[in-house]
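Below: query06.txt (compact mmCIF, C-alpha atoms and all ligand atoms)
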# COMPACT_ATOMS: atom_id res chain seq x y z
CA MET A 10 0.00 0.00 0.00
CA ASP A 11 1.38 3.39 -0.99
CA ILE A 12 -0.08 6.45 0.65
CA THR A 13 0.53 9.96 -0.66
CA VAL A 14 -0.40 12.97 1.40
CA ILE A 15 -2.10 15.34 -1.04
CA GLY A 16 -3.02 17.87 1.63
CA CYS A 17 -2.58 18.05 5.39
CA TRP A 18 -4.00 21.38 6.57
CA GLY A 19 -7.05 21.85 8.73
CA ALA A 20 -9.68 24.46 7.83
CA TYR A 21 -8.04 26.08 4.77
CA PRO A 22 -4.95 25.40 2.66
CA GLU A 23 -1.65 27.20 3.01
CA LYS A 24 -0.32 28.80 -0.18
CA ASN A 25 -0.09 26.24 -3.03
CA GLU A 26 -1.07 23.44 -0.67
CA ALA A 27 -4.28 21.66 0.28
CA THR A 28 -6.52 20.64 3.15
CA SER A 29 -7.38 16.98 3.80
CA GLY A 30 -6.66 14.56 0.98
CA TYR A 31 -4.79 11.24 1.04
CA LEU A 32 -4.25 9.05 -2.00
CA VAL A 33 -4.00 5.32 -1.34
CA ARG A 34 -2.77 3.08 -4.16
CA THR A 35 -3.04 -0.61 -3.56
CA GLY A 36 -3.50 -3.68 -5.72
CA GLY A 37 -4.07 -1.57 -8.83
CA SER A 38 -6.73 0.61 -7.19
CA SER A 39 -6.50 4.34 -6.49
CA ILE A 40 -8.58 5.56 -3.58
CA LEU A 41 -8.77 9.14 -2.37
CA LEU A 42 -9.57 9.68 1.31
CA ASP A 43 -11.22 13.11 1.57
CA CYS A 44 -11.19 15.78 -1.12
CA GLY A 45 -10.63 19.12 0.57
CA SER A 46 -9.71 22.53 -0.75
CA GLY A 47 -6.72 22.40 -3.11
CA VAL A 48 -6.73 18.62 -3.37
CA LEU A 49 -7.87 18.27 -6.99
CA ALA A 50 -5.01 20.28 -8.48
CA ARG A 51 -2.35 18.54 -6.39
CA LEU A 52 -3.85 15.06 -6.78
CA GLN A 53 -2.96 15.06 -10.47
CA ASN A 54 0.75 15.07 -9.60
CA ASP A 55 0.29 11.52 -8.35
CA CYS A 56 -2.85 10.14 -9.98
CA PRO A 57 -4.26 10.88 -13.45
CA LEU A 58 -7.97 11.48 -12.92
CA GLU A 59 -8.73 8.75 -15.45
CA GLU A 60 -7.30 6.24 -12.97
CA LEU A 61 -9.07 7.35 -9.81
CA ASP A 62 -11.40 4.57 -8.65
CA ALA A 63 -13.11 5.94 -5.57
CA VAL A 64 -13.33 8.77 -3.08
CA VAL A 65 -14.16 8.16 0.57
CA LEU A 66 -15.43 11.22 2.43
CA THR A 67 -15.12 11.09 6.20
CA HIS A 68 -17.59 13.96 6.66
CA THR A 69 -18.97 16.99 4.88
CA HIS A 70 -16.97 19.84 6.37
CA ALA A 71 -15.53 22.00 3.58
CA ASP A 72 -11.91 21.21 4.42
CA HIS A 73 -12.74 17.58 3.54
CA ILE A 74 -15.06 17.96 0.53
CA ALA A 75 -14.51 21.39 -1.05
CA ASP A 76 -13.05 20.01 -4.29
CA ILE A 77 -15.49 17.13 -4.74
CA TYR A 78 -17.73 19.16 -7.06
CA SER A 79 -14.82 20.17 -9.27
CA LEU A 80 -13.90 16.50 -9.35
CA GLU A 81 -17.45 15.76 -10.50
CA PHE A 82 -16.95 18.17 -13.41
CA ALA A 83 -13.65 16.47 -14.21
CA MET A 84 -15.49 13.13 -14.44
CA LEU A 85 -18.13 14.68 -16.71
CA ILE A 86 -15.53 16.16 -19.08
CA LEU A 87 -13.28 13.10 -19.12
CA MET A 88 -16.18 10.76 -19.84
CA GLN A 89 -17.63 13.06 -22.52
CA ILE A 90 -14.32 13.24 -24.38
CA GLY A 91 -13.78 9.50 -24.03
CA ARG A 92 -10.80 9.53 -21.69
CA ARG A 93 -12.74 7.80 -18.95
CA THR A 94 -15.41 5.10 -19.26
CA ARG A 95 -16.83 4.75 -15.77
CA PRO A 96 -18.35 7.07 -13.19
CA LEU A 97 -16.51 7.83 -9.98
CA ASP A 98 -17.61 5.98 -6.86
CA VAL A 99 -18.02 8.32 -3.89
CA TYR A 100 -18.57 6.86 -0.43
CA VAL A 101 -20.00 9.02 2.33
CA ASN A 102 -21.55 8.52 5.73
CA GLY A 103 -25.21 7.57 5.33
CA ASP A 104 -26.20 10.41 7.64
CA GLU A 105 -24.53 12.89 5.33
CA THR A 106 -25.53 11.77 1.83
CA ASP A 107 -28.31 14.37 1.64
CA LYS A 108 -25.75 17.14 2.25
CA LEU A 109 -23.98 16.37 -1.00
CA ALA A 110 -25.38 18.14 -4.04
CA PHE A 111 -24.02 16.41 -7.11
CA ALA A 112 -25.70 17.71 -10.26
CA TYR A 113 -24.66 14.97 -12.69
CA PRO A 114 -25.47 11.50 -11.35
CA ASP A 115 -24.29 9.85 -14.56
CA TYR A 116 -20.73 10.71 -13.61
CA VAL A 117 -20.65 10.20 -9.84
CA ARG A 118 -22.15 7.25 -7.99
CA VAL A 119 -22.81 7.99 -4.33
CA HIS A 120 -22.68 5.07 -1.88
CA SER A 121 -23.76 5.19 1.73
CA ILE A 122 -21.35 3.88 4.38
CA GLY A 123 -21.39 3.82 8.16
CA ALA A 124 -19.98 2.23 11.28
CA GLY A 125 -20.12 -1.52 10.77
CA THR A 126 -20.17 -1.23 6.98
CA GLU A 127 -17.52 -3.25 5.17
CA ILE A 128 -16.73 -2.55 1.54
CA ARG A 129 -14.09 -3.70 -0.91
CA ILE A 130 -12.33 -1.54 -3.43
CA GLY A 131 -10.01 -3.70 -5.52
CA THR A 132 -8.12 -5.86 -3.06
CA ALA A 133 -8.56 -3.49 -0.11
CA LYS A 134 -11.15 -3.98 2.61
CA LEU A 135 -12.51 -0.76 4.09
CA GLU A 136 -14.25 -0.45 7.46
CA PHE A 137 -15.52 2.57 9.34
CA ALA A 138 -16.12 3.84 12.86
CA GLU A 139 -17.92 6.88 14.16
CA THR A 140 -15.71 9.56 15.64
CA VAL A 141 -16.54 12.39 18.03
CA HIS A 142 -17.09 15.48 15.89
CA ASP A 143 -19.65 18.26 15.63
CA ILE A 144 -21.20 16.58 12.58
CA PRO A 145 -21.23 12.84 11.83
CA CYS A 146 -17.74 11.72 10.87
CA LEU A 147 -16.20 8.34 10.10
CA ALA A 148 -12.70 7.04 10.70
CA VAL A 149 -11.54 4.73 7.91
CA LYS A 150 -9.55 1.50 8.12
CA LEU A 151 -8.01 -0.06 5.02
CA THR A 152 -6.83 -3.64 5.30
CA LEU A 153 -4.84 -5.38 2.59
CA GLU A 154 -4.82 -9.07 1.75
CA ASP A 155 -1.47 -9.38 3.55
CA GLY A 156 -3.07 -7.96 6.71
CA LYS A 157 -1.34 -4.55 6.57
CA THR A 158 -3.60 -1.77 7.84
CA LEU A 159 -3.94 1.97 7.59
CA VAL A 160 -6.30 3.87 9.86
CA TYR A 161 -7.20 7.48 9.05
CA THR A 162 -9.13 9.17 11.84
CA GLY A 163 -10.81 11.94 9.87
CA ASP A 164 -11.73 14.64 12.39
CA THR A 165 -12.30 13.56 15.97
CA GLY A 166 -12.17 14.45 19.60
CA TYR A 167 -10.60 12.05 22.06
CA CYS A 168 -12.62 8.84 22.38
CA ASP A 169 -12.19 5.16 23.17
CA ALA A 170 -13.86 4.17 19.88
CA VAL A 171 -10.97 5.57 17.85
CA ILE A 172 -8.44 3.80 20.08
CA GLU A 173 -10.22 0.48 19.61
CA PHE A 174 -10.67 1.02 15.88
CA SER A 175 -6.96 1.85 15.49
CA ARG A 176 -5.73 -1.19 17.41
CA SER A 177 -2.39 -2.46 16.01
CA ALA A 178 -2.69 -0.46 12.78
CA ASP A 179 0.57 -0.37 10.85
CA VAL A 180 0.06 3.34 10.16
CA LEU A 181 -2.25 5.66 12.06
CA LEU A 182 -2.93 8.86 10.14
CA ILE A 183 -4.32 10.96 12.95
CA GLU A 184 -5.61 14.48 13.15
CA SER A 185 -3.63 16.79 15.40
CA SER A 186 -5.41 20.12 15.27
CA PHE A 187 -4.17 21.74 18.46
CA TYR A 188 -1.13 22.13 20.68
CA ASP A 189 -1.26 20.69 24.18
CA ARG A 190 -1.47 24.17 25.71
CA GLN A 191 -4.87 24.49 23.99
CA ALA A 192 -6.31 21.37 25.65
CA GLY A 193 -10.03 21.79 26.28
CA ILE A 194 -10.45 24.58 23.70
CA MET A 195 -12.42 22.31 21.35
CA LYS A 196 -13.79 18.86 22.09
CA TRP A 197 -14.26 17.99 18.42
CA HIS A 198 -10.54 17.81 17.63
CA LEU A 199 -7.36 16.36 19.13
CA THR A 200 -4.34 17.95 20.68
CA ALA A 201 -1.02 16.42 19.64
CA GLY A 202 -0.68 14.88 23.09
CA GLU A 203 -4.08 13.23 22.73
CA ALA A 204 -3.09 11.95 19.30
CA GLY A 205 0.05 10.44 20.83
CA ARG A 206 -1.95 8.89 23.63
CA ILE A 207 -4.34 7.26 21.15
CA ALA A 208 -1.36 5.91 19.18
CA ALA A 209 0.14 4.48 22.36
CA LEU A 210 -3.04 2.89 23.68
CA ALA A 211 -3.85 1.44 20.27
CA GLY A 212 -0.34 0.02 19.89
CA VAL A 213 0.09 1.25 16.32
CA GLY A 214 3.23 0.77 14.22
CA GLN A 215 3.69 4.49 13.57
CA ALA A 216 1.74 7.71 13.91
CA VAL A 217 1.55 10.31 11.16
CA LEU A 218 0.13 13.58 12.46
CA THR A 219 -2.00 15.68 10.12
CA HIS A 220 -4.85 18.26 9.87
CA PHE A 221 -2.56 21.00 11.12
CA PRO A 222 -3.17 24.40 12.69
CA HIS A 223 -1.92 27.49 10.84
CA TYR A 224 0.19 28.87 13.67
CA GLY A 225 2.99 27.85 15.97
CA ASP A 226 5.87 25.46 15.27
CA LEU A 227 4.48 22.21 13.89
CA ASN A 228 7.55 20.36 15.18
CA GLN A 229 6.14 21.01 18.62
CA LEU A 230 3.15 18.83 17.70
CA ALA A 231 5.51 15.90 17.05
CA GLU A 232 7.29 16.54 20.36
CA GLU A 233 4.01 16.61 22.27
CA ALA A 234 2.78 13.40 20.64
CA SER A 235 6.14 11.73 21.35
CA ARG A 236 5.79 12.45 25.06
CA GLN A 237 2.80 10.09 25.02
CA TYR A 238 3.86 7.56 22.42
CA ALA A 239 7.27 5.89 22.21
CA GLY A 240 6.89 4.76 18.59
CA LEU A 241 7.67 6.64 15.40
CA VAL A 242 5.87 9.97 15.10
CA ARG A 243 6.01 11.86 11.82
CA LEU A 244 4.45 15.07 10.59
CA ALA A 245 2.50 14.78 7.34
CA TYR A 246 3.43 17.18 4.54
CA CYS A 247 2.01 17.76 1.08
CA GLY A 248 3.69 15.18 -1.19
CA MET A 249 4.74 12.83 1.60
CA HIS A 250 4.87 9.19 0.55
CA ILE A 251 4.31 6.37 3.03
CA HIS A 252 4.77 2.74 2.05
CA ILE A 253 3.31 -0.05 4.13
ZN ZN B 301 -11.31 19.12 9.21
ZN ZN B 302 -14.51 18.52 10.51
Give the structure from the file, written as structure tokens.
Amino acid sequence: MDITVIGCWGAYPEKNEATSGYLVRTGGSSILLDCGSGVLARLQNDCPLEELDAVVLTHTHADHIADIYSLEFAMLILMQIGRRTRPLDVYVNGDETDKLAFAYPDYVRVHSIGAGTEIRIGTAKLEFAETVHDIPCLAVKLTLEDGKTLVYTGDTGYCDAVIEFSRSADVLLIESSFYDRQAGIMKWHLTAGEAGRIAALAGVGQAVLTHFPHYGDLNQLAEEASRQYAGLVRLAYCGMHIHI
């Protein structure tokens, strides 16, 4: 499984970068986890849009879906000019499907997912768990035939469900929206220390912090997570490649 960080910012993208978007290529399939602001332009560095198989949306906040409608137009154009033959599969939490407003259903197929749902895209198995967020949000687990796993938390506050869902993941891609000094400021997101604690309690192989704030020294996030978790902690960056 090869994971490429397309965008790693919370809320809005830094200059020439993107908010949440993670490309997973496995067994010949290309799966995009979230499609935030700036993702579509950067995605094409790593995945021709003709080859994109599916998009999984953790929730409908703009920093996770802002580019999905431009991607719909891309599907329309590419299919009309014959460069693509199949619509794009878009998976979204069943509670949120009515918040999406696709105009061209011939080009985008929307599928409802939820906690307990299990789907297959190519050779990857995908499962989901509800997180603690101010709107319904799903964490995503991808499992390969060889048993290797990636868990992406989406947006979440601290909760046991995410720890359990992340148990023994090879890579935990975990939101880290705040510094430890801001603990308690927002219950719908994690501090870096909380992200580290989840990684430790879940016994993951490595933690990749993401969904960053636009202030402070991001290296401090890694330090704060490392105080809680003895394993490898890395900061996501646009263009980062992770191989499992
Ligand atoms: Zn977000
Ligand atoms: Zn959110």
Quick one: everything within 12 Å of range 80-94 of chain A, counting all atoms listed in the file, minus sequence neighbours fewer than 4 positions away in the same chain. Send it as a ChimeraX atom specification.
/A:41,43-50,52-53,57-64,74-76,98-99,109-119
For a cutoff of 6 Å around the file-coordinate point (-7.7, 17.4, 14.8), which residues qualify once you count all atoms listed in the file? I'd like the result as number ranges by chain.
A: 164, 184-186, 198-199, 220
Set up a box along x, y and z of the file covering all listed atoms of range 134-152 of chain A, add 8 Å on every one of the six sides, and write the centre and edge lengths in Å to one decimal, as lines of an AutoDock Vina configuration file.
center_x = -14.0
center_y = 7.1
center_z = 10.3
size_x = 30.4
size_y = 38.2
size_z = 31.4
Show which residues sit within 7 Å of range 128-141 of chain A, as a list in words. Count all atoms listed in the file, and ignore same-chain residues fewer than 2 positions away.
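Final neighbour list, sorted by chain and number: Gly36, Ser38, Gly123, Ala124, Gly125, Thr126, Cys146, Leu147, Ala148, Val149, Lys150, Leu151, Thr152, Leu153, Glu154, Thr165, Gly166, Cys168, Val171, Phe174 and Trp197 of chain A.
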List every residue of chain A that has an atom at most 8 Å from any atom of ligand ZN 302 (chain B), and for each one report the closest atom pair and its distance in Å to one decimal, counting all atoms listed in the file, with rows sorted by chain and then by increasing residue number, as a tab-separated table.
residue	atom	partner	partner_atom	distance
A:His68	CA	B:ZN302	ZN	6.7
A:Thr69	CA	B:ZN302	ZN	7.3
A:His70	CA	B:ZN302	ZN	5.0
A:Ala71	CA	B:ZN302	ZN	7.8
A:Asp72	CA	B:ZN302	ZN	7.1
A:His73	CA	B:ZN302	ZN	7.3
A:His142	CA	B:ZN302	ZN	6.7
A:Asp143	CA	B:ZN302	ZN	7.3
A:Ile144	CA	B:ZN302	ZN	7.3
A:Cys146	CA	B:ZN302	ZN	7.5
A:Gly163	CA	B:ZN302	ZN	7.6
A:Asp164	CA	B:ZN302	ZN	5.1
A:Thr165	CA	B:ZN302	ZN	7.7
A:Trp197	CA	B:ZN302	ZN	7.9
Any idea what the distance is between CA of Ala170 in chain A and CA of Leu227 in chain A?
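If I compute the distance from CA of Ala170 in chain A to CA of Leu227 in chain A, I get 26.4 Å.
Here CA of Gln229 in chain A stands at a distance of 21.6 Å from CA of His250 in chain A.
Rounded to one decimal, CA of Phe221 in chain A and CA of Gln237 in chain A lie 18.5 Å from each other.
Using only C-alpha atoms and all ligand atoms, the nearest neighbour of ligand ZN 301 (chain B) within the list A:Ser79, A:Ile172, A:Glu23, A:Pro222 is A:Pro222.
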Nearest-residue call for Leu182 in chain A, choices A:Cys56, A:Val217, A:Leu32, A:Ala204, using only C-alpha atoms:
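Going through A:Cys56, A:Val217, A:Leu32, A:Ala204 one by one, the smallest distance to Leu182 in chain A is for A:Val217.
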Which residue of A:Ile183, A:Thr67, A:Asp226, A:Ala216 approaches Val242 in chain A most closely, using only C-alpha atoms:
A:Ala216
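For the set A:Leu66, A:Ala192, A:Ile251, A:Ala20, the residue with the smallest atom-to-atom gap to ligand ZN 301 (chain B) is A:Ala20, counting all atoms listed in the file.
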Which one is closest to ligand ZN 301 (chain B): A:Thr219, A:Ala178, A:Val101, A:Ala234? Count only C-alpha atoms and all ligand atoms.
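Smallest distance to ligand ZN 301 (chain B) is found for A:Thr219.
Proximity of A:Asp104, A:Phe187, A:Asn54, A:Lys24 to ligand ZN 301 (chain B), computed with all atoms listed in the file, is greatest for A:Phe187.
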Using N, CA, C and O atoms, give me range 58-77 of chain A from the structure I just pasted, as a PDB file, in the first residue's frame.
ATOM      1  N   LEU A  58      -6.579  11.609 -13.357  1.00  0.00           N
ATOM      2  CA  LEU A  58      -7.971  11.484 -12.918  1.00  0.00           C
ATOM      3  C   LEU A  58      -8.692  10.336 -13.625  1.00  0.00           C
ATOM      4  O   LEU A  58      -9.693   9.837 -13.127  1.00  0.00           O
ATOM      5  N   GLU A  59      -8.145   9.910 -14.764  1.00  0.00           N
ATOM      6  CA  GLU A  59      -8.730   8.752 -15.453  1.00  0.00           C
ATOM      7  C   GLU A  59      -8.599   7.484 -14.602  1.00  0.00           C
ATOM      8  O   GLU A  59      -9.349   6.528 -14.766  1.00  0.00           O
ATOM      9  N   GLU A  60      -7.607   7.472 -13.721  1.00  0.00           N
ATOM     10  CA  GLU A  60      -7.302   6.244 -12.973  1.00  0.00           C
ATOM     11  C   GLU A  60      -7.914   6.213 -11.579  1.00  0.00           C
ATOM     12  O   GLU A  60      -7.803   5.208 -10.880  1.00  0.00           O
ATOM     13  N   LEU A  61      -8.525   7.312 -11.165  1.00  0.00           N
ATOM     14  CA  LEU A  61      -9.072   7.354  -9.810  1.00  0.00           C
ATOM     15  C   LEU A  61     -10.313   6.461  -9.714  1.00  0.00           C
ATOM     16  O   LEU A  61     -11.256   6.613 -10.482  1.00  0.00           O
ATOM     17  N   ASP A  62     -10.299   5.529  -8.779  1.00  0.00           N
ATOM     18  CA  ASP A  62     -11.401   4.574  -8.652  1.00  0.00           C
ATOM     19  C   ASP A  62     -12.494   5.050  -7.715  1.00  0.00           C
ATOM     20  O   ASP A  62     -13.675   4.831  -7.966  1.00  0.00           O
ATOM     21  N   ALA A  63     -12.108   5.633  -6.597  1.00  0.00           N
ATOM     22  CA  ALA A  63     -13.112   5.945  -5.574  1.00  0.00           C
ATOM     23  C   ALA A  63     -12.632   7.065  -4.666  1.00  0.00           C
ATOM     24  O   ALA A  63     -11.427   7.281  -4.503  1.00  0.00           O
ATOM     25  N   VAL A  64     -13.607   7.764  -4.108  1.00  0.00           N
ATOM     26  CA  VAL A  64     -13.333   8.768  -3.078  1.00  0.00           C
ATOM     27  C   VAL A  64     -14.133   8.382  -1.838  1.00  0.00           C
ATOM     28  O   VAL A  64     -15.327   8.057  -1.944  1.00  0.00           O
ATOM     29  N   VAL A  65     -13.487   8.397  -0.701  1.00  0.00           N
ATOM     30  CA  VAL A  65     -14.162   8.159   0.572  1.00  0.00           C
ATOM     31  C   VAL A  65     -14.138   9.466   1.353  1.00  0.00           C
ATOM     32  O   VAL A  65     -13.066  10.013   1.616  1.00  0.00           O
ATOM     33  N   LEU A  66     -15.321   9.959   1.690  1.00  0.00           N
ATOM     34  CA  LEU A  66     -15.427  11.223   2.425  1.00  0.00           C
ATOM     35  C   LEU A  66     -15.750  10.915   3.888  1.00  0.00           C
ATOM     36  O   LEU A  66     -16.761  10.278   4.179  1.00  0.00           O
ATOM     37  N   THR A  67     -14.888  11.377   4.784  1.00  0.00           N
ATOM     38  CA  THR A  67     -15.115  11.094   6.204  1.00  0.00           C
ATOM     39  C   THR A  67     -16.293  11.886   6.740  1.00  0.00           C
ATOM     40  O   THR A  67     -17.026  11.418   7.597  1.00  0.00           O
ATOM     41  N   HIS A  68     -16.462  13.110   6.249  1.00  0.00           N
ATOM     42  CA  HIS A  68     -17.589  13.955   6.658  1.00  0.00           C
ATOM     43  C   HIS A  68     -17.675  15.144   5.710  1.00  0.00           C
ATOM     44  O   HIS A  68     -16.839  15.280   4.813  1.00  0.00           O
ATOM     45  N   THR A  69     -18.680  15.972   5.895  1.00  0.00           N
ATOM     46  CA  THR A  69     -18.972  16.988   4.877  1.00  0.00           C
ATOM     47  C   THR A  69     -18.509  18.390   5.246  1.00  0.00           C
ATOM     48  O   THR A  69     -18.976  19.371   4.658  1.00  0.00           O
ATOM     49  N   HIS A  70     -17.581  18.525   6.167  1.00  0.00           N
ATOM     50  CA  HIS A  70     -16.975  19.845   6.372  1.00  0.00           C
ATOM     51  C   HIS A  70     -16.158  20.224   5.133  1.00  0.00           C
ATOM     52  O   HIS A  70     -15.542  19.362   4.491  1.00  0.00           O
ATOM     53  N   ALA A  71     -16.124  21.534   4.844  1.00  0.00           N
ATOM     54  CA  ALA A  71     -15.530  22.000   3.582  1.00  0.00           C
ATOM     55  C   ALA A  71     -14.064  21.610   3.440  1.00  0.00           C
ATOM     56  O   ALA A  71     -13.597  21.353   2.327  1.00  0.00           O
ATOM     57  N   ASP A  72     -13.339  21.546   4.557  1.00  0.00           N
ATOM     58  CA  ASP A  72     -11.912  21.207   4.422  1.00  0.00           C
ATOM     59  C   ASP A  72     -11.709  19.728   4.082  1.00  0.00           C
ATOM     60  O   ASP A  72     -10.568  19.290   3.897  1.00  0.00           O
ATOM     61  N   HIS A  73     -12.826  18.984   3.941  1.00  0.00           N
ATOM     62  CA  HIS A  73     -12.735  17.577   3.542  1.00  0.00           C
ATOM     63  C   HIS A  73     -13.470  17.284   2.231  1.00  0.00           C
ATOM     64  O   HIS A  73     -13.305  16.211   1.665  1.00  0.00           O
ATOM     65  N   ILE A  74     -14.286  18.235   1.771  1.00  0.00           N
ATOM     66  CA  ILE A  74     -15.060  17.955   0.535  1.00  0.00           C
ATOM     67  C   ILE A  74     -15.047  19.096  -0.487  1.00  0.00           C
ATOM     68  O   ILE A  74     -15.674  18.984  -1.535  1.00  0.00           O
ATOM     69  N   ALA A  75     -14.350  20.194  -0.221  1.00  0.00           N
ATOM     70  CA  ALA A  75     -14.514  21.391  -1.054  1.00  0.00           C
ATOM     71  C   ALA A  75     -14.273  21.137  -2.539  1.00  0.00           C
ATOM     72  O   ALA A  75     -14.905  21.772  -3.387  1.00  0.00           O
ATOM     73  N   ASP A  76     -13.361  20.232  -2.871  1.00  0.00           N
ATOM     74  CA  ASP A  76     -13.047  20.008  -4.287  1.00  0.00           C
ATOM     75  C   ASP A  76     -13.858  18.878  -4.919  1.00  0.00           C
ATOM     76  O   ASP A  76     -13.645  18.548  -6.085  1.00  0.00           O
ATOM     77  N   ILE A  77     -14.790  18.294  -4.185  1.00  0.00           N
ATOM     78  CA  ILE A  77     -15.488  17.129  -4.737  1.00  0.00           C
ATOM     79  C   ILE A  77     -16.358  17.521  -5.933  1.00  0.00           C
ATOM     80  O   ILE A  77     -16.538  16.737  -6.878  1.00  0.00           O
TER      81      ILE A  77
END
